[in-house]
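Trainee: My structure is in model01.pdb, and what it holds is PDB, C-alpha atoms:
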```
MODEL        1
ATOM      1  CA  GLN A 181    -116.566  19.350 -42.085
ATOM      2  CA  VAL A 182    -113.199  19.766 -40.383
ATOM      3  CA  GLN A 183    -112.873  18.734 -36.774
ATOM      4  CA  LEU A 184    -110.310  20.216 -34.418
ATOM      5  CA  MET A 185    -109.051  18.646 -31.223
ATOM      6  CA  GLU A 186    -106.941  20.385 -28.625
ATOM      7  CA  SER A 187    -104.716  18.752 -26.025
ATOM      8  CA  GLY A 188    -101.941  19.667 -23.659
ATOM      9  CA  GLY A 189    -103.806  21.614 -21.038
ATOM     10  CA  GLY A 190    -103.194  21.066 -17.346
ATOM     11  CA  SER A 191    -102.430  22.616 -14.003
ATOM     12  CA  VAL A 192     -99.174  24.453 -13.400
ATOM     13  CA  GLN A 193     -97.783  26.949 -10.956
ATOM     14  CA  ALA A 194     -97.155  30.540 -11.915
ATOM     15  CA  GLY A 195     -94.002  30.814 -13.987
ATOM     16  CA  GLY A 196     -94.496  27.373 -15.464
ATOM     17  CA  SER A 197     -94.913  26.319 -19.074
ATOM     18  CA  LEU A 198     -97.308  24.310 -21.184
ATOM     19  CA  ARG A 199     -97.566  23.457 -24.853
ATOM     20  CA  LEU A 200    -100.994  23.109 -26.357
ATOM     21  CA  SER A 201    -101.618  21.128 -29.515
ATOM     22  CA  CYS A 202    -104.441  21.254 -31.994
ATOM     23  CA  VAL A 203    -104.952  18.603 -34.634
ATOM     24  CA  ALA A 204    -107.282  19.176 -37.562
ATOM     25  CA  SER A 205    -108.990  16.341 -39.403
ATOM     26  CA  GLY A 206    -108.611  18.144 -42.725
ATOM     27  CA  ASP A 207    -107.009  21.118 -44.394
ATOM     28  CA  THR A 208    -107.438  24.425 -42.630
ATOM     29  CA  TYR A 209    -105.766  27.707 -43.382
ATOM     30  CA  ILE A 210    -105.615  30.706 -41.115
ATOM     31  CA  MET A 211    -105.595  29.204 -37.655
ATOM     32  CA  GLY A 212    -105.575  30.725 -34.251
ATOM     33  CA  TRP A 213    -105.881  30.210 -30.523
ATOM     34  CA  PHE A 214    -108.541  31.713 -28.327
ATOM     35  CA  ARG A 215    -109.346  31.446 -24.678
ATOM     36  CA  ARG A 216    -112.226  32.002 -22.353
ATOM     37  CA  THR A 217    -111.185  33.086 -18.906
ATOM     38  CA  PRO A 218    -113.431  33.328 -15.842
ATOM     39  CA  GLY A 219    -115.549  36.456 -15.936
ATOM     40  CA  LYS A 220    -114.404  37.490 -19.393
ATOM     41  CA  LYS A 221    -115.612  36.965 -22.907
ATOM     42  CA  ARG A 222    -113.671  34.900 -25.419
ATOM     43  CA  GLU A 223    -110.318  36.449 -26.267
ATOM     44  CA  GLY A 224    -108.235  35.975 -29.383
ATOM     45  CA  ILE A 225    -104.671  35.372 -28.273
ATOM     46  CA  ALA A 226    -102.661  34.238 -31.312
ATOM     47  CA  VAL A 227    -102.978  33.744 -35.042
ATOM     48  CA  LEU A 228    -100.844  32.135 -37.724
ATOM     49  CA  GLU A 229    -101.454  33.662 -41.133
ATOM     50  CA  LEU A 230    -101.081  31.905 -44.466
ATOM     51  CA  ASP A 231     -97.750  33.604 -45.134
ATOM     52  CA  GLY A 232     -96.404  32.459 -41.800
ATOM     53  CA  THR A 233     -96.719  35.744 -39.999
ATOM     54  CA  THR A 234     -98.049  35.732 -36.485
ATOM     55  CA  ASP A 235     -99.911  38.128 -34.278
ATOM     56  CA  TYR A 236    -100.650  38.065 -30.575
ATOM     57  CA  ALA A 237    -102.832  39.706 -28.015
ATOM     58  CA  ASP A 238    -100.913  42.196 -25.919
ATOM     59  CA  SER A 239    -101.611  40.104 -22.826
ATOM     60  CA  VAL A 240     -99.510  37.200 -24.119
ATOM     61  CA  LYS A 241     -96.846  38.843 -26.291
ATOM     62  CA  GLY A 242     -93.388  37.642 -25.403
ATOM     63  CA  ARG A 243     -94.742  34.661 -23.484
ATOM     64  CA  PHE A 244     -96.780  32.656 -26.005
ATOM     65  CA  THR A 245     -95.647  31.355 -29.392
ATOM     66  CA  ILE A 246     -97.916  29.948 -32.085
ATOM     67  CA  SER A 247     -96.492  27.570 -34.659
ATOM     68  CA  LYS A 248     -97.370  24.831 -37.107
ATOM     69  CA  GLY A 249     -96.194  21.284 -36.763
ATOM     70  CA  ASN A 250     -94.491  19.274 -39.463
ATOM     71  CA  THR A 251     -97.887  18.362 -40.804
ATOM     72  CA  LYS A 252     -99.990  21.340 -41.743
ATOM     73  CA  GLN A 253    -102.875  19.952 -39.766
ATOM     74  CA  THR A 254    -101.125  20.479 -36.432
ATOM     75  CA  LEU A 255    -101.000  23.766 -34.576
ATOM     76  CA  TYR A 256     -99.134  24.488 -31.374
ATOM     77  CA  LEU A 257     -99.202  27.128 -28.687
ATOM     78  CA  GLN A 258     -96.093  27.237 -26.533
ATOM     79  CA  MET A 259     -96.797  29.096 -23.316
ATOM     80  CA  ILE A 260     -94.094  30.183 -20.896
ATOM     81  CA  ASP A 261     -94.075  32.320 -17.758
ATOM     82  CA  LEU A 262     -97.696  31.454 -17.149
ATOM     83  CA  LYS A 263     -99.689  33.675 -14.823
ATOM     84  CA  PRO A 264    -102.850  33.010 -12.801
ATOM     85  CA  GLU A 265    -104.756  35.308 -15.160
ATOM     86  CA  ASP A 266    -103.956  32.884 -17.995
ATOM     87  CA  THR A 267    -106.298  30.367 -16.387
ATOM     88  CA  GLY A 268    -109.105  29.426 -18.723
ATOM     89  CA  THR A 269    -110.288  27.181 -21.501
ATOM     90  CA  TYR A 270    -108.209  27.343 -24.645
ATOM     91  CA  PHE A 271    -109.637  26.725 -28.093
ATOM     92  CA  CYS A 272    -108.153  26.484 -31.538
ATOM     93  CA  ALA A 273    -110.013  27.722 -34.582
ATOM     94  CA  GLY A 274    -109.502  27.150 -38.284
ATOM     95  CA  ASP A 275    -110.210  29.148 -41.435
ATOM     96  CA  LEU A 276    -110.492  32.440 -39.602
ATOM     97  CA  ARG A 277    -112.131  35.212 -41.579
ATOM     98  CA  GLY A 278    -112.007  38.964 -41.144
ATOM     99  CA  PRO A 279    -110.094  40.383 -38.196
ATOM    100  CA  TRP A 280    -108.673  37.242 -36.640
ATOM    101  CA  TYR A 281    -109.325  38.308 -33.062
ATOM    102  CA  ASP A 282    -113.062  38.446 -33.788
ATOM    103  CA  GLY A 283    -113.034  34.657 -33.945
ATOM    104  CA  ASN A 284    -115.134  34.348 -37.101
ATOM    105  CA  SER A 285    -114.428  30.715 -37.880
ATOM    106  CA  PRO A 286    -116.488  27.736 -38.983
ATOM    107  CA  TYR A 287    -114.260  25.296 -37.127
ATOM    108  CA  TRP A 288    -113.661  25.106 -33.398
ATOM    109  CA  GLY A 289    -112.247  22.545 -31.081
ATOM    110  CA  GLN A 290    -113.809  21.516 -27.784
ATOM    111  CA  GLY A 291    -111.182  23.275 -25.740
ATOM    112  CA  THR A 292    -108.547  22.304 -23.234
ATOM    113  CA  GLN A 293    -108.363  23.626 -19.684
ATOM    114  CA  VAL A 294    -105.346  25.523 -18.398
ATOM    115  CA  THR A 295    -105.121  26.302 -14.698
ATOM    116  CA  VAL A 296    -102.312  28.408 -13.286
ATOM    117  CA  SER A 297    -101.978  28.652  -9.527
ATOM    118  CA  SER A 298    -100.119  31.371  -7.686
TER     119      SER A 298
ENDMDL
END
```
Kindly transcribe the structure held in the file into structure tokens.

Mentor:
Amino acid sequence: QVQLMESGGGSVQAGGSLRLSCVASGDTYIMGWFRRTPGKKREGIAVLELDGTTDYADSVKGRFTISKGNTKQTLYLQMIDLKPEDTGTYFCAGDLRGPWYDGNSPYWGQGTQVTVSS
């Protein structure tokens, strides 16, 4: 059983930046970031495929960047130009299956809160 732990959330003003980290206790493969924002269902926002390609939700393209750390168990999400609508709880997921944005994954972290004020 792989455990994931996110960190790096916080409170920032609109236009600010944050970098989220996710550390896995074991090997995981296709990894992604999801978020749950107030009043909305969980949303897939970024994925890092096995071949290194990435994909993003339209709502974050050009502002968020997903990447792996030097150890393959670490995943990052660099977020710039944050907006109030980015407020929510952010989760990382490992071993995604099927369409990544569906969030079909056996491994989830507990989440880290991001709050963006206007």

Trainee: Provide the CA of Lys263 in chain A to CA of Lys221 in chain A distance in Å, to one decimal place.

Mentor: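 Going from CA of Lys263 in chain A over to CA of Lys221 in chain A covers 18.2 Å.
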
Trainee: Extract, using all atoms listed in the file, all DNA, RNA and protein residues at most 10 Å from Thr269 in chain A, discarding same-chain residues fewer than 6 positions from it, and format them as a CSV table (one decimal) with C-alpha atoms, in the coordinates of the input.

Mentor:
```
chain,number,residue,atom,x,y,z
A,189,GLY,CA,-103.8,21.6,-21.0
A,214,PHE,CA,-108.5,31.7,-28.3
A,215,ARG,CA,-109.3,31.4,-24.7
A,216,ARG,CA,-112.2,32.0,-22.4
A,217,THR,CA,-111.2,33.1,-18.9
A,218,PRO,CA,-113.4,33.3,-15.8
A,222,ARG,CA,-113.7,34.9,-25.4
A,290,GLN,CA,-113.8,21.5,-27.8
A,291,GLY,CA,-111.2,23.3,-25.7
A,292,THR,CA,-108.5,22.3,-23.2
A,293,GLN,CA,-108.4,23.6,-19.7
A,294,VAL,CA,-105.3,25.5,-18.4
A,295,THR,CA,-105.1,26.3,-14.7
```

Trainee: Counting all atoms listed in the file, which residue out of A:Asp261, A:Asp275, A:Asp282, A:Asp207 sits closest to Phe244 in chain A?

Mentor: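 Ranking A:Asp261, A:Asp275, A:Asp282, A:Asp207 by distance to Phe244 in chain A, first place goes to A:Asp261.
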
Trainee: I would like the residues chosen by the PyMOL selection byres ((chain A and resi 256) around 10) on the shown file; could you give them as a PyMOL selection string?

Mentor: chain A and resi 186-188+199-203+212-213+245-249+254-255+257-259+272

Trainee: Once you have the residues from the selection above, write them out as a PDB file, keeping the file's coordinate frame, restricted to C-alpha atoms.

Mentor:
```pdb
ATOM      1  CA  GLU A 186    -106.941  20.385 -28.625  1.00  0.00           C
ATOM      2  CA  SER A 187    -104.716  18.752 -26.025  1.00  0.00           C
ATOM      3  CA  GLY A 188    -101.941  19.667 -23.659  1.00  0.00           C
ATOM      4  CA  ARG A 199     -97.566  23.457 -24.853  1.00  0.00           C
ATOM      5  CA  LEU A 200    -100.994  23.109 -26.357  1.00  0.00           C
ATOM      6  CA  SER A 201    -101.618  21.128 -29.515  1.00  0.00           C
ATOM      7  CA  CYS A 202    -104.441  21.254 -31.994  1.00  0.00           C
ATOM      8  CA  VAL A 203    -104.952  18.603 -34.634  1.00  0.00           C
ATOM      9  CA  GLY A 212    -105.575  30.725 -34.251  1.00  0.00           C
ATOM     10  CA  TRP A 213    -105.881  30.210 -30.523  1.00  0.00           C
ATOM     11  CA  THR A 245     -95.647  31.355 -29.392  1.00  0.00           C
ATOM     12  CA  ILE A 246     -97.916  29.948 -32.085  1.00  0.00           C
ATOM     13  CA  SER A 247     -96.492  27.570 -34.659  1.00  0.00           C
ATOM     14  CA  LYS A 248     -97.370  24.831 -37.107  1.00  0.00           C
ATOM     15  CA  GLY A 249     -96.194  21.284 -36.763  1.00  0.00           C
ATOM     16  CA  THR A 254    -101.125  20.479 -36.432  1.00  0.00           C
ATOM     17  CA  LEU A 255    -101.000  23.766 -34.576  1.00  0.00           C
ATOM     18  CA  LEU A 257     -99.202  27.128 -28.687  1.00  0.00           C
ATOM     19  CA  GLN A 258     -96.093  27.237 -26.533  1.00  0.00           C
ATOM     20  CA  MET A 259     -96.797  29.096 -23.316  1.00  0.00           C
ATOM     21  CA  CYS A 272    -108.153  26.484 -31.538  1.00  0.00           C
TER      22      CYS A 272
END
```

Trainee: Let me know the residues the PyMOL selection byres ((chain A and resi 193) around 9) catches in the file above, as a list in words.

Mentor: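 Applied to this file, the PyMOL selection byres ((chain A and resi 193) around 9) selects Ser191, Val192, Ala194, Gly195, Gly196, Ser197, Leu262, Lys263, Pro264, Thr295, Val296, Ser297 and Ser298 of chain A.
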
Trainee: Name the residues captured by the PyMOL selection byres ((chain A and resi 204) around 7) when it is applied to the shown file; answer as a PyMOL selection string.

Mentor: chain A and resi 182-185+202-203+205-206+253-254

Trainee: Report as a list in words all protein, DNA and RNA residues lying within 8 Å of Pro286 in chain A, evaluated on all atoms listed in the file, omitting residues in the same chain fewer than 3 positions from it.

Mentor: Ala273, Gly274, Asp275 and Leu276 of chain A

Trainee: Output the selection as a short mmCIF file (atom, residue, chain, number, x, y, z; two decimals), in the coordinates of the input - C-alpha atoms for each residue.

Mentor:
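Produced file again32.cif, reproduced below:
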```cif
data_model
loop_
_atom_site.label_atom_id
_atom_site.label_comp_id
_atom_site.auth_asym_id
_atom_site.auth_seq_id
_atom_site.Cartn_x
_atom_site.Cartn_y
_atom_site.Cartn_z
CA ALA A 273 -110.01 27.72 -34.58
CA GLY A 274 -109.50 27.15 -38.28
CA ASP A 275 -110.21 29.15 -41.44
CA LEU A 276 -110.49 32.44 -39.60
#
```

Trainee: So what do you get for CA of Phe271 in chain A versus CA of Gly232 in chain A, distance-wise?

Mentor: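 About the pair CA of Phe271 in chain A and CA of Gly232 in chain A: they are 19.9 Å apart.
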
Trainee: How far is it from CA of Gly190 in chain A to CA of Gly289 in chain A, in Å with one decimal?

Mentor: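 Interatomic distance, CA of Gly190 in chain A to CA of Gly289 in chain A: 16.5 Å.
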
Trainee: Smallest atom-to-atom distance to Ala226 in chain A: which of A:Ser285, A:Thr251, A:Gln181, A:Ser239, using only C-alpha atoms?

Mentor: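 Comparing A:Ser285, A:Thr251, A:Gln181, A:Ser239 against Ala226 in chain A, the winner is A:Ser239.
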
Trainee: Would you kindly return, as a ChimeraX atom specification, each protein, DNA or RNA residue with an atom no farther than 8 Å from any atom of Glu229 in chain A, considering all atoms listed in the file and excluding same-chain residues fewer than 6 positions away?

Mentor: /A:209-211

Trainee: Given 6 Å of margin on each side, can you work out the centre and size in Å (one decimal) of an axis-aligned box holding every listed atom of range 235-254 of chain A, as JSON?

Mentor:
```
{"center_x": -98.1, "center_y": 30.3, "center_z": -32.3, "size_x": 21.5, "size_y": 35.8, "size_z": 30.9}
```
